[in-house]
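With compact mmCIF, C-alpha atoms inside, this is target21.txt:
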# COMPACT_ATOMS: atom_id res chain seq x y z
CA MET A 1 129.42 91.64 61.78
CA LYS A 2 130.64 95.26 61.64
CA SER A 3 127.27 96.41 60.29
CA LEU A 4 125.45 94.66 63.14
CA ILE A 5 127.63 96.37 65.73
CA ILE A 6 127.05 99.76 64.11
CA LEU A 7 123.29 99.10 64.04
CA LEU A 8 123.30 98.11 67.68
CA ALA A 9 125.30 101.18 68.65
CA GLY A 10 122.75 103.36 66.89
CA LEU A 11 119.99 102.02 69.12
CA ILE A 12 121.80 102.82 72.38
CA PRO A 13 120.89 106.02 74.22
CA VAL A 14 124.08 107.94 74.97
CA THR A 15 123.10 108.57 78.60
CA ILE A 16 123.23 104.85 79.46
CA PHE A 17 126.99 104.65 78.91
CA GLY A 18 127.63 106.38 82.23
CA GLN A 19 125.79 103.73 84.23
CA LYS A 20 128.24 101.23 85.74
CA GLU A 21 126.46 100.43 88.98
CA GLY A 22 123.14 98.77 89.70
CA THR A 23 121.03 95.67 90.25
CA ILE A 24 119.75 92.98 87.88
CA VAL A 25 117.09 90.50 89.03
CA TYR A 26 116.98 87.16 87.19
CA ASP A 27 114.51 84.28 87.00
CA GLU A 28 116.50 81.05 86.89
CA THR A 29 114.55 77.99 85.68
CA VAL A 30 116.02 74.48 85.83
CA LYS A 31 114.42 71.50 84.10
CA LEU A 32 113.97 68.64 86.59
CA GLU A 33 114.96 65.17 85.46
CA ILE A 34 113.11 62.80 87.81
CA LYS A 35 113.02 59.05 87.33
CA ILE A 36 109.49 57.86 88.14
CA PRO A 37 109.07 54.23 89.24
CA GLU A 38 107.25 52.08 86.71
CA GLY A 39 103.53 51.87 87.37
CA MET A 40 103.48 55.06 89.52
CA GLU A 41 103.12 57.62 86.73
CA GLU A 42 99.65 58.67 87.92
CA VAL A 43 100.79 59.09 91.53
CA PHE A 44 103.66 61.35 90.45
CA ALA A 45 101.58 63.31 87.93
CA LYS A 46 101.79 66.45 90.09
CA MET A 47 105.55 66.32 90.28
CA PRO A 48 106.88 69.66 88.95
CA LYS A 49 108.74 69.51 85.64
CA SER A 50 110.92 72.52 86.45
CA LYS A 51 112.08 74.73 89.32
CA THR A 52 112.27 78.54 89.10
CA SER A 53 114.34 80.65 91.49
CA LYS A 54 114.74 84.39 91.79
CA LYS A 55 118.36 85.57 91.87
CA VAL A 56 119.92 89.02 92.04
CA LEU A 57 123.17 90.49 90.72
CA TYR A 58 124.62 93.58 92.41
CA PHE A 59 127.46 95.23 90.48
CA ASN A 60 129.72 98.26 90.33
CA GLY A 61 132.83 99.17 88.37
CA GLU A 62 135.04 96.54 90.02
CA GLU A 63 132.90 93.98 91.88
CA SER A 64 129.72 91.96 91.63
CA LEU A 65 127.72 89.64 93.88
CA TYR A 66 125.23 87.05 92.59
CA SER A 67 122.94 85.53 95.20
CA LEU A 68 119.48 84.33 96.07
CA HIS A 69 117.00 87.23 96.05
CA LYS A 70 116.61 88.69 99.52
CA ASP A 71 112.86 87.93 99.52
CA LYS A 72 113.69 84.21 99.15
CA VAL A 73 116.41 83.90 101.80
CA GLY A 74 115.11 81.79 104.67
CA SER A 75 111.72 81.24 103.03
CA GLU A 76 110.18 77.90 102.14
CA ASP A 77 108.94 77.08 98.68
CA ASP A 78 105.53 75.57 98.04
CA GLU A 79 105.12 72.12 99.46
CA ILE A 80 104.26 69.37 96.98
CA SER A 81 101.93 66.62 98.21
CA MET A 82 101.19 63.40 96.37
CA GLY A 83 99.71 60.09 97.37
CA GLY A 84 97.63 57.08 96.59
CA ASP A 85 97.14 53.40 97.47
CA GLY A 86 97.51 54.03 101.18
CA PHE A 87 100.57 56.30 101.28
CA GLN A 88 101.31 60.03 101.26
CA PHE A 89 104.43 61.68 99.92
CA ARG A 90 105.47 65.29 100.63
CA PHE A 91 108.56 67.28 99.85
CA LYS A 92 109.86 70.86 99.82
CA MET A 93 112.45 72.31 97.47
CA ASN A 94 114.18 74.83 99.70
CA GLU A 95 116.79 77.02 98.01
CA PRO A 96 120.27 77.27 99.59
CA ASP A 97 121.68 80.79 99.96
CA ASN A 98 124.63 80.26 97.60
CA ARG A 99 126.62 83.34 96.58
CA THR A 100 129.22 84.20 93.96
CA TYR A 101 131.52 87.20 94.49
CA ILE A 102 133.76 88.52 91.70
CA ASN A 103 136.43 91.20 91.72
CA ARG A 104 137.21 91.94 88.09
CA GLU A 105 140.32 93.99 88.91
CA SER A 106 142.07 91.24 90.90
CA LYS A 107 140.45 88.38 88.87
CA GLU A 108 139.26 86.90 92.18
CA VAL A 109 136.21 84.65 92.56
CA VAL A 110 134.78 83.51 95.90
CA ARG A 111 131.80 81.16 95.90
CA LYS A 112 129.82 80.30 99.02
CA GLN A 113 128.14 76.92 98.58
CA ASP A 114 125.75 75.42 101.13
CA LEU A 115 125.52 71.64 101.27
CA LEU A 116 123.33 69.75 103.77
CA GLY A 117 123.51 72.48 106.39
CA LYS A 118 127.22 73.24 106.00
CA SER A 119 128.83 76.21 104.22
CA PHE A 120 131.90 75.96 102.01
CA LEU A 121 134.05 78.71 100.48
CA ILE A 122 135.57 78.05 97.06
CA GLU A 123 138.25 80.54 96.02
CA LYS A 124 139.62 80.58 92.50
CA GLU A 125 140.75 82.77 89.62
CA LEU A 126 138.23 84.38 87.30
CA ARG A 127 137.63 82.11 84.32
CA LYS A 128 138.23 83.35 80.80
CA TYR A 129 135.39 82.10 78.62
CA GLU A 130 135.96 81.53 74.91
CA TRP A 131 132.93 83.37 73.55
CA LYS A 132 131.94 83.32 69.89
CA ILE A 133 129.71 86.30 69.16
CA GLY A 134 126.87 85.54 66.76
CA SER A 135 124.62 87.63 64.56
CA ASP A 136 121.23 87.06 66.23
CA MET A 137 119.50 89.85 68.13
CA ARG A 138 116.60 89.95 70.59
CA LYS A 139 115.20 92.25 73.26
CA VAL A 140 115.31 91.40 76.95
CA LEU A 141 113.16 93.88 78.84
CA ASP A 142 113.95 97.18 77.08
CA TYR A 143 117.49 96.23 76.10
CA VAL A 144 118.70 95.17 72.66
CA CYS A 145 120.87 92.06 73.02
CA MET A 146 123.23 90.09 70.80
CA ASN A 147 124.00 86.39 71.21
CA ALA A 148 127.28 84.66 72.01
CA ILE A 149 128.04 80.99 72.60
CA THR A 150 130.64 79.10 74.62
CA ARG A 151 131.22 75.50 75.67
CA LEU A 152 131.79 74.48 79.28
CA ASP A 153 132.77 70.94 78.31
CA ASP A 154 132.04 68.35 75.64
CA SER A 155 128.40 68.00 76.72
CA THR A 156 127.39 71.52 77.75
CA SER A 157 126.97 74.59 75.55
CA VAL A 158 125.83 77.98 76.82
CA VAL A 159 124.20 80.76 74.81
CA ALA A 160 124.40 84.24 76.31
CA TRP A 161 122.40 87.32 75.35
CA PHE A 162 124.31 90.48 76.22
CA THR A 163 123.66 94.19 75.81
CA SER A 164 126.21 96.95 75.34
CA GLN A 165 123.55 99.35 76.63
CA ILE A 166 124.95 98.33 80.04
CA PRO A 167 128.66 98.64 79.15
CA ILE A 168 130.19 96.46 81.85
CA SER A 169 131.34 92.84 81.58
CA ILE A 170 129.02 91.14 84.07
CA GLY A 171 126.46 88.36 84.19
CA PRO A 172 124.81 85.69 86.34
CA SER A 173 127.09 83.63 88.58
CA GLU A 174 130.62 83.64 87.11
CA TYR A 175 129.66 84.49 83.53
CA GLN A 176 131.39 87.57 82.08
CA GLY A 177 133.89 88.48 79.41
CA LEU A 178 131.50 90.00 76.86
CA PRO A 179 131.28 93.69 75.87
CA GLY A 180 128.17 94.29 77.94
CA ALA A 181 125.93 92.85 80.63
CA ILE A 182 124.52 89.35 80.11
CA LEU A 183 120.74 89.49 80.51
CA ALA A 184 119.90 85.90 79.50
CA LEU A 185 121.60 82.48 79.46
CA GLU A 186 120.49 79.19 77.90
CA TYR A 187 122.14 75.87 78.79
CA ASN A 188 121.81 73.10 76.19
CA GLY A 189 118.64 74.65 74.85
CA ASN A 190 116.14 74.55 77.71
CA GLU A 191 117.89 72.49 80.40
CA ARG A 192 118.50 75.68 82.36
CA ILE A 193 117.37 79.18 81.42
CA ILE A 194 118.23 82.45 83.18
CA VAL A 195 116.44 85.64 82.10
CA ALA A 196 116.54 89.14 83.58
CA SER A 197 113.17 90.28 84.94
CA GLU A 198 114.26 93.68 86.28
CA VAL A 199 117.17 96.09 85.80
CA VAL A 200 117.77 99.04 88.11
CA LEU A 201 120.73 101.26 87.24
CA GLY A 202 122.08 103.62 89.89
CA PRO A 203 124.00 103.75 93.19
CA LEU A 204 123.88 100.72 95.49
CA ASP A 205 123.44 100.73 99.24
CA GLU A 206 126.81 100.82 100.99
CA GLY A 207 128.15 97.36 101.84
CA ILE A 208 125.62 95.44 99.74
CA ILE A 209 128.45 93.82 97.74
CA GLU A 210 130.18 91.77 100.43
CA LYS A 211 132.72 89.03 99.82
CA PRO A 212 131.60 85.77 101.50
CA ALA A 213 133.78 84.97 104.49
CA LYS A 214 131.95 82.28 106.50
CA GLY A 215 132.49 78.65 105.62
CA LYS A 216 135.13 75.95 105.24
CA LYS A 217 137.68 76.86 102.58
CA VAL A 218 138.03 74.16 99.92
CA SER A 219 139.07 73.89 96.30
CA GLN A 220 136.52 73.24 93.57
CA GLU A 221 137.83 69.68 93.25
CA GLU A 222 137.50 69.08 97.01
CA PHE A 223 133.94 70.43 97.04
CA ASP A 224 132.95 68.25 94.08
CA THR A 225 134.30 65.19 95.91
CA ILE A 226 132.45 66.08 99.11
CA ARG A 227 129.19 66.61 97.22
CA LYS A 228 129.56 63.31 95.36
CA GLU A 229 130.20 61.44 98.61
CA LYS A 230 127.21 63.05 100.36
CA MET A 231 124.89 62.23 97.47
CA ALA A 232 126.06 58.61 97.53
CA GLU A 233 125.41 58.48 101.29
CA MET A 234 121.89 59.87 100.84
CA GLN A 235 121.08 57.43 98.05
CA ALA A 236 122.27 54.49 100.16
CA GLU A 237 120.34 55.70 103.21
CA HIS A 238 117.08 56.17 101.30
CA GLY A 239 117.33 53.19 99.01
CA GLY A 240 118.37 55.16 95.89
Can you present the structure in this file as structure tokens?
Amino acid sequence: MKSLIILLAGLIPVTIFGQKEGTIVYDETVKLEIKIPEGMEEVFAKMPKSKTSKKVLYFNGEESLYSLHKDKVGSEDDEISMGGDGFQFRFKMNEPDNRTYINRESKEVVRKQDLLGKSFLIEKELRKYEWKIGSDMRKVLDYVCMNAITRLDDSTSVVAWFTSQIPISIGPSEYQGLPGAILALEYNGNERIIVASEVVLGPLDEGIIEKPAKGKKVSQEEFDTIRKEKMAEMQAEHGG
């Protein structure tokens, strides 16, 4: 392991170590698990197998904000149309403007979650992930990355690819705690993949990192209960 770290350090330009402020744009792809009614496979053949969103991480020495990319806020994704045997089915997968704010000095996390037109604020303490750093290496954009793995629970493992060329403990959403910026994440293989598509190091516009303040304050447990109840209501209303 020591030899790998020395090798990695030898690949890092010295000038990058002074950069502790900037923007990272990520492409976040989620695999869609959709149960298709028996006998309707052909009708649903155009149903997308995955959904890709563009997210952005703004960071400085103390704070970070992970949110939907500004070009996607308020926009509508492509409409999917399907039909056959006398009926037409259309749907849109609009992306909610969820945000995650982190203050690494105070260990504070504030998440803004939108659910069916309502905004909720979830405040909690910064989680300490139990990372196990591996020996694999890969490049993301122009950055040399090493892998690390953690488990969220008994059924979910997460592989992170981080680079010490950006020497600040940041990453998508609430992920942090590694000796460098996380540029890629993999959940259970390919169930969900987040990969950096652009990195811009340098000063941010004033006020761009703003702690979410609008929404009903709830705990994570309360929000999970509300979401579960709303999903049950929707399933009952639309016949499952």
Using all atoms listed in the file, the shortest atom-to-atom distance to Asn188 in chain A among A:Glu221, A:Asp153, A:Glu21, A:Glu174 belongs to A:Asp153
Exercise. Mind checking which residues fall within 6 Å of range 202-217 of chain A, counting all atoms listed in the file, ignoring those fewer than 4 positions away in the same chain, and posting them as a PyMOL selection string?
Key: chain A and resi 21-22+65+101+119-121
From CA of Phe223 in chain A to CA of Leu57 in chain A the spacing works out at 23.6 Å
Restricting to only C-alpha atoms, whichever of A:Asp154, A:Glu191, A:Asp136, A:Glu108 is closest to Leu32 in chain A is A:Glu191
| task | Using all atoms listed in the file, determine which residues lie at most 10 Å from Ser157 in chain A, disregarding the query and same-chain residues fewer than 4 positions distant; provide the list as a ChimeraX atom specification. | result | /A:149-153,186-189
Using only C-alpha atoms, what table do you get, as a tab-separated table, when you list each residue of range 83-161 of chain A with an atom no more than 10 Å from range 192-201 of chain A, its nearest pair of atoms, and their distance in Å rounded to one decimal, rows by chain then rising number?
residue	atom	partner	partner_atom	distance
A:Val140	CA	A:Ala196	CA	7.1
A:Leu141	CA	A:Ser197	CA	7.1
A:Asp142	CA	A:Val199	CA	9.4
A:Tyr143	CA	A:Val199	CA	9.7
A:Val158	CA	A:Arg192	CA	9.5
A:Val159	CA	A:Ile193	CA	9.6
A:Ala160	CA	A:Ile194	CA	9.4
A:Trp161	CA	A:Val195	CA	9.2
(request) Compile the contact shell of Gln113 in chain A as a ChimeraX atom specification: residues with an atom at most 8 Å away, counting only C-alpha atoms, same-chain residues fewer than 2 positions apart removed. (result) /A:96-99,111,115,119-122
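Relative to CA of Leu126 in chain A, CA of Ile102 in chain A is found at 7.5 Å.
Taking CA of Phe59 in chain A as the reference point, CA of Ser219 in chain A is found at 25.0 Å.
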